[in-house]
file upload24.pdb (PDB, C-alpha atoms)
ATOM      1  CA  MET A   1    -236.482 105.518 180.341
ATOM      2  CA  PRO A   2    -239.190 102.909 179.514
ATOM      3  CA  GLU A   3    -238.151  99.263 179.637
ATOM      4  CA  ALA A   4    -239.164  98.717 175.998
ATOM      5  CA  GLU A   5    -236.689 101.346 174.822
ATOM      6  CA  LYS A   6    -233.874  99.606 176.682
ATOM      7  CA  THR A   7    -234.378  96.125 175.229
ATOM      8  CA  VAL A   8    -235.789  96.574 171.715
ATOM      9  CA  PRO A   9    -233.217  97.737 169.141
ATOM     10  CA  SER A  10    -234.228 100.284 166.536
ATOM     11  CA  THR A  11    -235.427  99.130 163.120
ATOM     12  CA  PRO A  12    -232.696 100.976 161.152
ATOM     13  CA  GLY A  13    -230.070  99.150 163.238
ATOM     14  CA  ARG A  14    -231.562  95.798 162.340
ATOM     15  CA  ARG A  15    -231.667  96.668 158.682
ATOM     16  CA  MET A  16    -228.080  97.854 158.692
ATOM     17  CA  LYS A  17    -226.969  94.664 160.411
ATOM     18  CA  ALA A  18    -228.832  92.553 157.856
ATOM     19  CA  VAL A  19    -227.327  94.465 154.936
ATOM     20  CA  ALA A  20    -223.806  94.226 156.391
ATOM     21  CA  THR A  21    -224.219  90.496 157.010
ATOM     22  CA  ALA A  22    -225.488  89.955 153.464
ATOM     23  CA  ILE A  23    -222.492  91.843 152.034
ATOM     24  CA  VAL A  24    -220.024  89.785 154.070
ATOM     25  CA  VAL A  25    -221.695  86.527 152.992
ATOM     26  CA  ALA A  26    -221.703  87.636 149.341
ATOM     27  CA  ILE A  27    -217.999  88.473 149.514
ATOM     28  CA  GLY A  28    -217.246  85.077 151.035
ATOM     29  CA  VAL A  29    -219.250  83.232 148.368
ATOM     30  CA  ALA A  30    -217.568  85.271 145.612
ATOM     31  CA  TYR A  31    -214.129  84.410 146.992
ATOM     32  CA  VAL A  32    -214.923  80.689 147.116
ATOM     33  CA  ALA A  33    -216.263  80.783 143.547
ATOM     34  CA  PHE A  34    -213.203  82.659 142.273
ATOM     35  CA  ALA A  35    -210.807  80.297 144.070
ATOM     36  CA  ALA A  36    -212.609  77.283 142.588
ATOM     37  CA  LEU A  37    -212.408  78.830 139.109
ATOM     38  CA  TYR A  38    -208.718  79.606 139.535
ATOM     39  CA  LEU A  39    -207.888  76.065 140.643
ATOM     40  CA  ALA A  40    -210.071  74.499 137.948
ATOM     41  CA  THR A  41    -208.258  76.354 135.168
ATOM     42  CA  ARG A  42    -204.753  75.561 136.368
ATOM     43  CA  VAL A  43    -202.466  73.778 133.927
ATOM     44  CA  THR A  44    -200.031  70.977 134.481
ATOM     45  CA  PRO A  45    -196.384  71.444 133.498
ATOM     46  CA  ALA A  46    -196.120  70.891 129.773
ATOM     47  CA  PRO A  47    -193.192  69.015 128.249
ATOM     48  CA  ASP A  48    -190.688  71.383 126.710
ATOM     49  CA  ALA A  49    -191.093  69.778 123.299
ATOM     50  CA  VAL A  50    -188.518  67.072 123.909
ATOM     51  CA  LEU A  51    -187.843  65.597 120.502
ATOM     52  CA  GLU A  52    -188.619  61.937 120.198
ATOM     53  CA  ALA A  53    -185.642  59.633 120.080
ATOM     54  CA  ALA A  54    -186.685  58.246 116.718
ATOM     55  CA  VAL A  55    -188.005  60.397 113.895
ATOM     56  CA  PRO A  56    -190.384  58.632 111.481
ATOM     57  CA  SER A  57    -188.362  57.007 108.747
ATOM     58  CA  GLY A  58    -187.309  59.496 106.091
ATOM     59  CA  ASP A  59    -189.110  62.412 107.754
ATOM     60  CA  VAL A  60    -187.987  65.811 108.992
ATOM     61  CA  SER A  61    -189.490  66.828 112.340
ATOM     62  CA  VAL A  62    -189.983  70.578 112.870
ATOM     63  CA  VAL A  63    -191.502  71.716 116.180
ATOM     64  CA  PHE A  64    -192.040  75.292 117.355
ATOM     65  CA  VAL A  65    -192.263  75.615 121.148
ATOM     66  CA  PRO A  66    -194.034  78.838 122.306
ATOM     67  CA  GLN A  67    -192.382  80.365 125.364
ATOM     68  CA  ARG A  68    -193.595  83.959 125.571
ATOM     69  CA  VAL A  69    -196.417  86.009 124.059
ATOM     70  CA  ASP A  70    -195.709  89.660 123.244
ATOM     71  CA  PRO A  71    -199.147  91.226 122.592
ATOM     72  CA  GLU A  72    -197.741  94.714 121.992
ATOM     73  CA  ARG A  73    -195.598  93.547 119.062
ATOM     74  CA  GLU A  74    -198.084  90.843 118.040
ATOM     75  CA  ASN A  75    -195.702  87.927 118.090
ATOM     76  CA  ILE A  76    -194.938  84.701 119.921
ATOM     77  CA  GLN A  77    -191.378  84.045 120.965
ATOM     78  CA  GLY A  78    -190.129  80.509 121.310
ATOM     79  CA  VAL A  79    -187.712  77.815 120.192
ATOM     80  CA  LEU A  80    -187.644  76.043 116.822
ATOM     81  CA  ARG A  81    -186.411  72.459 117.058
ATOM     82  CA  ILE A  82    -185.564  70.369 114.023
ATOM     83  CA  SER A  83    -184.717  66.668 113.852
ATOM     84  CA  VAL A  84    -183.709  64.795 110.669
ATOM     85  CA  ASP A  85    -183.664  61.074 110.013
ATOM     86  CA  ARG A  86    -180.055  60.677 108.848
ATOM     87  CA  THR A  87    -180.504  57.052 107.875
ATOM     88  CA  VAL A  88    -182.295  58.272 104.761
ATOM     89  CA  ASN A  89    -181.405  61.981 104.432
ATOM     90  CA  ALA A  90    -177.619  62.126 104.472
ATOM     91  CA  SER A  91    -177.189  65.557 102.871
ATOM     92  CA  ASP A  92    -177.939  69.099 104.020
ATOM     93  CA  VAL A  93    -181.623  69.798 104.661
ATOM     94  CA  THR A  94    -183.266  73.194 104.108
ATOM     95  CA  VAL A  95    -186.309  73.915 106.258
ATOM     96  CA  ARG A  96    -188.598  76.750 105.172
ATOM     97  CA  ILE A  97    -190.904  78.346 107.749
ATOM     98  CA  PHE A  98    -193.488  81.124 107.455
ATOM     99  CA  PRO A  99    -194.292  83.703 108.862
ATOM    100  CA  PHE A 100    -191.408  83.876 111.331
ATOM    101  CA  LEU A 101    -189.890  87.328 111.742
ATOM    102  CA  ASP A 102    -186.255  86.373 112.270
ATOM    103  CA  ALA A 103    -185.956  83.373 109.963
ATOM    104  CA  SER A 104    -187.487  82.234 106.707
ATOM    105  CA  GLN A 105    -185.333  79.181 106.100
ATOM    106  CA  ILE A 106    -182.841  77.138 108.110
ATOM    107  CA  VAL A 107    -180.155  74.849 106.721
ATOM    108  CA  VAL A 108    -179.338  71.788 108.836
ATOM    109  CA  PRO A 109    -175.818  70.530 107.968
ATOM    110  CA  ALA A 110    -175.400  66.923 106.967
ATOM    111  CA  ALA A 111    -173.255  66.303 110.038
ATOM    112  CA  GLU A 112    -176.122  67.192 112.387
ATOM    113  CA  SER A 113    -179.338  65.297 113.022
ATOM    114  CA  ALA A 114    -180.821  67.830 115.450
ATOM    115  CA  TYR A 115    -180.890  71.606 115.385
ATOM    116  CA  GLU A 116    -182.331  74.278 117.693
ATOM    117  CA  GLN A 117    -182.831  78.023 117.192
ATOM    118  CA  ASP A 118    -184.751  80.855 118.832
ATOM    119  CA  ALA A 119    -187.570  82.068 116.620
ATOM    120  CA  THR A 120    -190.387  84.617 116.666
ATOM    121  CA  LEU A 121    -193.754  83.812 115.140
ATOM    122  CA  SER A 122    -195.801  86.703 113.780
ATOM    123  CA  VAL A 123    -199.506  86.733 114.695
ATOM    124  CA  GLU A 124    -202.380  89.167 114.270
ATOM    125  CA  GLY A 125    -204.472  90.688 117.040
ATOM    126  CA  GLU A 126    -205.356  93.887 118.890
ATOM    127  CA  VAL A 127    -203.884  94.530 122.313
ATOM    128  CA  ARG A 128    -206.418  97.312 122.926
ATOM    129  CA  GLY A 129    -209.075  94.630 123.378
ATOM    130  CA  TYR A 130    -207.437  93.536 126.663
ATOM    131  CA  PRO A 131    -208.409  91.328 128.447
ATOM    132  CA  PHE A 132    -210.458  89.871 125.592
ATOM    133  CA  ASP A 133    -207.724  90.219 122.984
ATOM    134  CA  ARG A 134    -206.797  87.156 120.927
ATOM    135  CA  TYR A 135    -204.047  86.535 118.403
ATOM    136  CA  THR A 136    -204.187  84.251 115.394
ATOM    137  CA  GLY A 137    -201.699  83.071 112.828
ATOM    138  CA  THR A 138    -201.033  80.378 110.263
ATOM    139  CA  VAL A 139    -197.730  78.493 110.208
ATOM    140  CA  GLU A 140    -196.417  76.796 107.081
ATOM    141  CA  ILE A 141    -193.463  74.413 107.287
ATOM    142  CA  SER A 142    -191.720  72.550 104.470
ATOM    143  CA  ALA A 143    -188.345  70.858 103.953
ATOM    144  CA  ALA A 144    -186.188  69.935 100.978
ATOM    145  CA  ASP A 145    -182.850  68.414 100.149
ATOM    146  CA  THR A 146    -180.466  71.355  99.833
ATOM    147  CA  LEU A 147    -178.471  69.894  96.932
ATOM    148  CA  SER A 148    -181.197  68.397  94.781
ATOM    149  CA  GLY A 149    -184.146  70.519  95.898
ATOM    150  CA  ARG A 150    -186.235  67.371  96.387
ATOM    151  CA  ALA A 151    -189.127  67.907  98.789
ATOM    152  CA  LEU A 152    -188.943  65.858 102.002
ATOM    153  CA  PRO A 153    -191.784  64.630 104.211
ATOM    154  CA  VAL A 154    -192.344  66.913 107.229
ATOM    155  CA  VAL A 155    -194.024  66.248 110.563
ATOM    156  CA  GLY A 156    -194.526  68.407 113.667
ATOM    157  CA  GLY A 157    -195.814  71.974 113.763
ATOM    158  CA  VAL A 158    -196.638  74.295 116.656
ATOM    159  CA  LEU A 159    -196.712  72.671 120.074
ATOM    160  CA  PRO A 160    -199.999  73.561 121.857
ATOM    161  CA  ILE A 161    -198.636  74.530 125.286
ATOM    162  CA  ASP A 162    -201.028  75.748 127.988
ATOM    163  CA  GLY A 163    -198.208  76.397 130.431
ATOM    164  CA  LEU A 164    -197.707  80.037 129.420
ATOM    165  CA  THR A 165    -198.766  82.237 132.327
ATOM    166  CA  GLY A 166    -202.028  84.022 131.604
ATOM    167  CA  TRP A 167    -202.495  82.544 128.116
ATOM    168  CA  ASN A 168    -204.309  79.678 126.438
ATOM    169  CA  THR A 169    -202.899  78.260 123.211
ATOM    170  CA  SER A 170    -204.812  76.140 120.721
ATOM    171  CA  VAL A 171    -203.461  74.645 117.504
ATOM    172  CA  SER A 172    -205.382  72.991 114.702
ATOM    173  CA  GLU A 173    -203.792  71.331 111.695
ATOM    174  CA  ASP A 174    -205.349  72.333 108.406
ATOM    175  CA  VAL A 175    -205.922  69.913 105.543
ATOM    176  CA  ARG A 176    -202.659  69.534 103.736
ATOM    177  CA  VAL A 177    -202.649  71.014 100.273
ATOM    178  CA  ALA A 178    -199.444  69.093  99.601
ATOM    179  CA  PRO A 179    -198.031  65.895 101.110
ATOM    180  CA  ASN A 180    -194.812  67.645 102.108
ATOM    181  CA  LEU A 181    -196.308  70.700 103.807
ATOM    182  CA  VAL A 182    -197.401  71.247 107.425
ATOM    183  CA  THR A 183    -199.995  74.003 107.929
ATOM    184  CA  ASP A 184    -201.100  74.856 111.459
ATOM    185  CA  SER A 185    -203.586  77.478 112.626
ATOM    186  CA  VAL A 186    -202.612  79.024 115.967
ATOM    187  CA  VAL A 187    -204.928  80.896 118.359
ATOM    188  CA  VAL A 188    -203.620  82.526 121.555
ATOM    189  CA  GLU A 189    -205.975  84.259 123.996
ATOM    190  CA  ARG A 190    -206.069  85.367 127.619
ATOM    191  CA  SER A 191    -206.924  82.749 130.206
ATOM    192  CA  LEU A 192    -210.348  82.744 131.846
ATOM    193  CA  THR A 193    -208.934  83.648 135.257
ATOM    194  CA  THR A 194    -207.218  86.707 133.784
ATOM    195  CA  ARG A 195    -210.456  87.874 132.188
ATOM    196  CA  VAL A 196    -212.464  87.380 135.376
ATOM    197  CA  THR A 197    -209.829  89.133 137.515
ATOM    198  CA  VAL A 198    -209.675  92.160 135.229
ATOM    199  CA  ALA A 199    -213.477  92.336 134.995
ATOM    200  CA  ILE A 200    -213.793  92.377 138.804
ATOM    201  CA  LEU A 201    -211.095  95.018 139.284
ATOM    202  CA  ALA A 202    -212.464  97.222 136.488
ATOM    203  CA  THR A 203    -215.981  97.057 137.952
ATOM    204  CA  LEU A 204    -214.727  98.018 141.417
ATOM    205  CA  VAL A 205    -212.722 100.915 139.973
ATOM    206  CA  LEU A 206    -215.784 102.229 138.146
ATOM    207  CA  ALA A 207    -217.858 101.867 141.321
ATOM    208  CA  LEU A 208    -215.250 103.958 143.124
ATOM    209  CA  GLY A 209    -215.787 106.776 140.626
ATOM    210  CA  ALA A 210    -219.543 106.546 141.159
ATOM    211  CA  VAL A 211    -219.045 106.827 144.932
ATOM    212  CA  ALA A 212    -216.912 109.953 144.448
ATOM    213  CA  ILE A 213    -219.600 111.597 142.308
ATOM    214  CA  ALA A 214    -222.288 110.664 144.850
ATOM    215  CA  LEU A 215    -220.183 112.223 147.607
ATOM    216  CA  ALA A 216    -219.743 115.493 145.717
ATOM    217  CA  TRP A 217    -223.460 115.581 144.866
ATOM    218  CA  SER A 218    -224.406 115.071 148.526
ATOM    219  CA  VAL A 219    -222.269 118.053 149.525
ATOM    220  CA  ALA A 220    -223.603 120.185 146.646
ATOM    221  CA  VAL A 221    -227.261 119.668 147.593
ATOM    222  CA  GLY A 222    -226.590 120.144 151.292
ATOM    223  CA  ARG A 223    -227.215 116.601 152.447
ATOM    224  CA  LYS A 224    -223.669 116.393 153.783
ATOM    225  CA  ALA A 225    -221.370 119.070 155.205
ATOM    226  CA  SER A 226    -218.224 119.836 153.239
ATOM    227  CA  ASN A 227    -215.035 118.408 154.728
ATOM    228  CA  PHE A 228    -211.482 118.894 153.495
ATOM    229  CA  GLY A 229    -210.544 115.398 154.707
ATOM    230  CA  GLU A 230    -212.807 113.822 152.095
ATOM    231  CA  ALA A 231    -211.016 115.752 149.345
ATOM    232  CA  THR A 232    -207.714 114.390 150.662
ATOM    233  CA  TRP A 233    -209.121 110.871 150.505
ATOM    234  CA  LEU A 234    -210.156 111.395 146.884
ATOM    235  CA  ALA A 235    -206.682 112.684 145.971
ATOM    236  CA  ALA A 236    -205.065 109.555 147.443
ATOM    237  CA  THR A 237    -207.603 107.354 145.676
ATOM    238  CA  ILE A 238    -206.525 108.671 142.271
ATOM    239  CA  PHE A 239    -203.089 107.118 142.724
ATOM    240  CA  SER A 240    -204.696 103.927 144.004
ATOM    241  CA  VAL A 241    -206.655 103.576 140.769
ATOM    242  CA  ILE A 242    -203.451 103.885 138.749
ATOM    243  CA  SER A 243    -201.777 101.247 140.939
ATOM    244  CA  VAL A 244    -204.716  98.880 140.514
ATOM    245  CA  ARG A 245    -204.573  99.375 136.750
ATOM    246  CA  ASN A 246    -200.877  98.485 136.634
ATOM    247  CA  PHE A 247    -201.495  95.523 138.961
ATOM    248  CA  MET A 248    -203.895  93.865 136.520
ATOM    249  CA  PRO A 249    -202.370  90.670 135.066
ATOM    250  CA  GLY A 250    -200.641  91.344 131.763
ATOM    251  CA  ALA A 251    -201.837  94.964 131.684
ATOM    252  CA  PRO A 252    -201.056  96.529 128.279
ATOM    253  CA  PRO A 253    -199.775 100.085 127.658
ATOM    254  CA  ILE A 254    -202.125 103.024 128.147
ATOM    255  CA  GLY A 255    -204.675 103.183 125.359
ATOM    256  CA  ALA A 256    -206.658  99.969 125.724
ATOM    257  CA  TYR A 257    -210.439 100.031 125.655
ATOM    258  CA  LEU A 258    -210.242  99.266 129.381
ATOM    259  CA  ASP A 259    -208.704 102.703 129.946
ATOM    260  CA  GLY A 260    -211.305 104.554 127.904
ATOM    261  CA  LEU A 261    -214.272 102.792 129.503
ATOM    262  CA  PHE A 262    -213.148 102.329 133.121
ATOM    263  CA  ILE A 263    -209.843 103.828 134.229
ATOM    264  CA  ILE A 264    -209.875 107.308 132.662
ATOM    265  CA  PRO A 265    -213.579 108.038 133.473
ATOM    266  CA  THR A 266    -212.936 107.033 137.091
ATOM    267  CA  ILE A 267    -209.859 109.267 137.369
ATOM    268  CA  LEU A 268    -211.787 112.190 135.851
ATOM    269  CA  ALA A 269    -214.660 111.592 138.274
ATOM    270  CA  LEU A 270    -212.243 111.583 141.204
ATOM    271  CA  PHE A 271    -210.555 114.785 140.037
ATOM    272  CA  LEU A 272    -213.873 116.560 139.483
ATOM    273  CA  SER A 273    -215.308 115.422 142.809
ATOM    274  CA  MET A 274    -212.142 116.432 144.650
ATOM    275  CA  THR A 275    -212.217 119.881 143.029
ATOM    276  CA  LEU A 276    -215.857 120.425 143.928
ATOM    277  CA  LEU A 277    -215.305 119.374 147.531
ATOM    278  CA  VAL A 278    -212.379 121.776 147.880
ATOM    279  CA  VAL A 279    -214.445 124.621 146.363
ATOM    280  CA  PHE A 280    -217.348 123.910 148.721
ATOM    281  CA  TRP A 281    -214.954 123.747 151.663
ATOM    282  CA  LEU A 282    -213.377 127.102 150.752
ATOM    283  CA  ALA A 283    -216.796 128.688 150.256
ATOM    284  CA  ARG A 284    -218.116 127.450 153.580
ATOM    285  CA  ARG A 285    -218.516 130.171 156.189
ATOM    286  CA  THR A 286    -216.895 129.648 159.557
ATOM    287  CA  PRO A 287    -218.304 130.943 162.881
ATOM    288  CA  ASP A 288    -215.656 133.718 162.881
ATOM    289  CA  ASP A 289    -216.600 134.873 159.383
ATOM    290  CA  PRO A 290    -217.804 138.530 159.488
ATOM    291  CA  ALA A 291    -220.518 137.735 156.973
ATOM    292  CA  GLU A 292    -221.742 134.950 159.219
ATOM    293  CA  GLN A 293    -221.727 137.226 162.285
ATOM    294  CA  GLY A 294    -223.576 139.999 160.458
ATOM    295  CA  SER A 295    -226.349 137.630 159.507
TER     296      SER A 295
END
call {"tool": "encode", "arguments": {"input": "upload24.pdb", "output": "C-alpha cells"}}
result
Amino acid sequence: MPEAEKTVPSTPGRRMKAVATAIVVAIGVAYVAFAALYLATRVTPAPDAVLEAAVPSGDVSVVFVPQRVDPERENIQGVLRISVDRTVNASDVTVRIFPFLDASQIVVPAAESAYEQDATLSVEGEVRGYPFDRYTGTVEISAADTLSGRALPVVGGVLPIDGLTGWNTSVSEDVRVAPNLVTDSVVVERSLTTRVTVAILATLVLALGAVAIALAWSVAVGRKASNFGEATWLAATIFSVISVRNFMPGAPPIGAYLDGLFIIPTILALFLSMTLLVVFWLARRTPDDPAEQGS
C-alpha cells in the first residue's frame, strides 16, 4: 500500500469530523445560552402579602394574593386578605369584590380588624394557545359600612407576585372612576423560560417526524435496504413523543395548537413511516425465496 494512503485521511472523513465538531460546539453554546436565560429570569421569593401593621387612617385594605393559575378553568386561585382601621370604622364592614367566582361580598364583623378567605378570580384567555397563552381580568373592589351603607375608602388590590412557577403576573391600577373604588387590570402569561423550553422541544419533535419520513423515503427509492429493526425503533419513538409532550412545563390537555401543529403530525409521520418500513420488509425477497432462486 502506498505511503500516502497510510498517512492522509480521506476527505469525507475530514468533513464528517468537522460537521460533528460543529454540532457539538453548537449544542454547548445553546446550553450555555439557555442556562443564562433561565438564571436571568429567576424570581426572588415574594412576600406572602403580609398586611401592614397599620392601615391608613379610616381606610379598608383589601389585598388578593395569587397562589395558583388554572388555565383550563380560566381562573386564578389565591387568598383574599382584608384589614380594617377600627379606630374609625367600629361597625361591620361589607367588602364587595368582582369578578370572583366564589364570593361577591364579604362582611367583616365589628369585632374583627383582619379577615382572610380563599378566593378564585375569574380571568379570560385561551389555553389552546399554549405556551403563548395569556389571561386578563379586571378586579373591582369597594367597601361600605354595613349598617349605614356609607362608602368607605379602600386601598390595596391584586398583589403582583412573580413567584408563581412558570407564570409572570403584572398588575396596573386604572384611573379611579370613584374615590372609594379600586380597579386593577391583571395580566398573567407564561414565563419566558417556559416558552423557550416548549419551543425547543416542539422543534425537536417535529424534526424527529421529518427524520422518520426521510428514512421511509430512502427505503422506498432503494437508497437504503429495508430493516425490521428500524420499524421497531419508530414504534418506540411514538411513545417517546407522547412522553416529551407530557413533560413540557404546564402542558395543557390534548387539543392545544401545539398538538395540531407539532405533536399529532409527528405521531402520524412515525406511524406512516413504520407501516411503510414493515411493508417493504415483508415484501423483500430472501435468498431462500423460490421467486428469487428462479430469477
call {"tool": "resolve_selection", "arguments": {"input": "upload24.pdb", "expression": "the PyMOL selection byres ((chain A and resi 79) around 7)", "output": "tab-separated table (two decimals) with C-alpha atoms, keeping the file's coordinate frame"}}
result
chain	number	residue	atom	x	y	z
A	64	PHE	CA	-192.04	75.29	117.36
A	65	VAL	CA	-192.26	75.61	121.15
A	66	PRO	CA	-194.03	78.84	122.31
A	78	GLY	CA	-190.13	80.51	121.31
A	80	LEU	CA	-187.64	76.04	116.82
A	81	ARG	CA	-186.41	72.46	117.06
A	116	GLU	CA	-182.33	74.28	117.69
A	117	GLN	CA	-182.83	78.02	117.19
A	118	ASP	CA	-184.75	80.86	118.83
A	119	ALA	CA	-187.57	82.07	116.62
call {"tool": "closest_residue", "arguments": {"input": "upload24.pdb", "among": "A:Ser273, A:Thr169, A:Thr87, A:Thr21", "to": "Val69 of chain A", "atoms": "only C-alpha atoms"}}
result
A:Thr169
call {"tool": "atom_distance", "arguments": {"input": "upload24.pdb", "atom1": "atom CA of Ser170 of chain A", "atom2": "atom CA of Ala151 of chain A"}}
result
28.2 Å
call {"tool": "atom_distance", "arguments": {"input": "upload24.pdb", "atom1": "atom CA of Glu126 of chain A", "atom2": "atom CA of Thr138 of chain A"}}
result
16.6 Å
call {"tool": "residues_near_point", "arguments": {"input": "upload24.pdb", "point": "(-185.4, 69.6, 105.1)", "cutoff": "9 Å", "atoms": "only C-alpha atoms", "output": "PDB file with C-alpha atoms, keeping the file's coordinate frame"}}
result
ATOM      1  CA  ASP A  59    -189.110  62.412 107.754  1.00  0.00           C
ATOM      2  CA  VAL A  60    -187.987  65.811 108.992  1.00  0.00           C
ATOM      3  CA  SER A  61    -189.490  66.828 112.340  1.00  0.00           C
ATOM      4  CA  ILE A  82    -185.564  70.369 114.023  1.00  0.00           C
ATOM      5  CA  VAL A  84    -183.709  64.795 110.669  1.00  0.00           C
ATOM      6  CA  ASN A  89    -181.405  61.981 104.432  1.00  0.00           C
ATOM      7  CA  ASP A  92    -177.939  69.099 104.020  1.00  0.00           C
ATOM      8  CA  VAL A  93    -181.623  69.798 104.661  1.00  0.00           C
ATOM      9  CA  THR A  94    -183.266  73.194 104.108  1.00  0.00           C
ATOM     10  CA  VAL A  95    -186.309  73.915 106.258  1.00  0.00           C
ATOM     11  CA  ARG A  96    -188.598  76.750 105.172  1.00  0.00           C
ATOM     12  CA  ILE A 106    -182.841  77.138 108.110  1.00  0.00           C
ATOM     13  CA  VAL A 107    -180.155  74.849 106.721  1.00  0.00           C
ATOM     14  CA  VAL A 108    -179.338  71.788 108.836  1.00  0.00           C
ATOM     15  CA  SER A 142    -191.720  72.550 104.470  1.00  0.00           C
ATOM     16  CA  ALA A 143    -188.345  70.858 103.953  1.00  0.00           C
ATOM     17  CA  ALA A 144    -186.188  69.935 100.978  1.00  0.00           C
ATOM     18  CA  ASP A 145    -182.850  68.414 100.149  1.00  0.00           C
ATOM     19  CA  THR A 146    -180.466  71.355  99.833  1.00  0.00           C
ATOM     20  CA  ALA A 151    -189.127  67.907  98.789  1.00  0.00           C
ATOM     21  CA  LEU A 152    -188.943  65.858 102.002  1.00  0.00           C
ATOM     22  CA  PRO A 153    -191.784  64.630 104.211  1.00  0.00           C
ATOM     23  CA  VAL A 154    -192.344  66.913 107.229  1.00  0.00           C
TER      24      VAL A 154
END
call {"tool": "closest_residue", "arguments": {"input": "upload24.pdb", "among": "A:Leu270, A:Val211, A:Gly125, A:Thr193", "to": "Ala36 of chain A", "atoms": "only C-alpha atoms"}}
result
A:Thr193
call {"tool": "atom_distance", "arguments": {"input": "upload24.pdb", "atom1": "atom CA of Tyr115 of chain A", "atom2": "atom CA of Pro99 of chain A"}}
result
19.2 Å
call {"tool": "closest_residue", "arguments": {"input": "upload24.pdb", "among": "A:Leu282, A:Leu121, A:Ala220, A:Val139", "to": "Ala103 of chain A", "atoms": "only C-alpha atoms"}}
result
A:Leu121
call {"tool": "resolve_selection", "arguments": {"input": "upload24.pdb", "expression": "the PyMOL selection byres ((chain A and resi 110-112) around 7)", "output": "PyMOL selection string"}}
result
chain A and resi 90-92+108-109+113-114
call {"tool": "residues_near_point", "arguments": {"input": "upload24.pdb", "point": "(-201.5, 75.7, 117.8)", "cutoff": "9 Å", "atoms": "only C-alpha atoms", "output": "short mmCIF file (atom, residue, chain, number, x, y, z; two decimals) with C-alpha atoms, in the coordinates of the input"}}
result
data_model
loop_
_atom_site.label_atom_id
_atom_site.label_comp_id
_atom_site.auth_asym_id
_atom_site.auth_seq_id
_atom_site.Cartn_x
_atom_site.Cartn_y
_atom_site.Cartn_z
CA GLY A 137 -201.70 83.07 112.83
CA THR A 138 -201.03 80.38 110.26
CA VAL A 139 -197.73 78.49 110.21
CA GLY A 157 -195.81 71.97 113.76
CA VAL A 158 -196.64 74.30 116.66
CA LEU A 159 -196.71 72.67 120.07
CA PRO A 160 -200.00 73.56 121.86
CA ILE A 161 -198.64 74.53 125.29
CA THR A 169 -202.90 78.26 123.21
CA SER A 170 -204.81 76.14 120.72
CA VAL A 171 -203.46 74.64 117.50
CA SER A 172 -205.38 72.99 114.70
CA GLU A 173 -203.79 71.33 111.70
CA ASP A 184 -201.10 74.86 111.46
CA SER A 185 -203.59 77.48 112.63
CA VAL A 186 -202.61 79.02 115.97
CA VAL A 187 -204.93 80.90 118.36
CA VAL A 188 -203.62 82.53 121.56
#
call {"tool": "resolve_selection", "arguments": {"input": "upload24.pdb", "expression": "the PyMOL selection byres ((chain A and resi 238-243) around 12)", "output": "VMD selection string"}}
result
chain A and resid 201 to 209 212 231 to 237 244 to 248 251 254 259 262 to 274
call {"tool": "closest_residue", "arguments": {"input": "upload24.pdb", "among": "A:Gly250, A:Val29, A:Phe98, A:Ala18", "to": "Thr165 of chain A", "atoms": "all atoms listed in the file"}}
result
A:Gly250
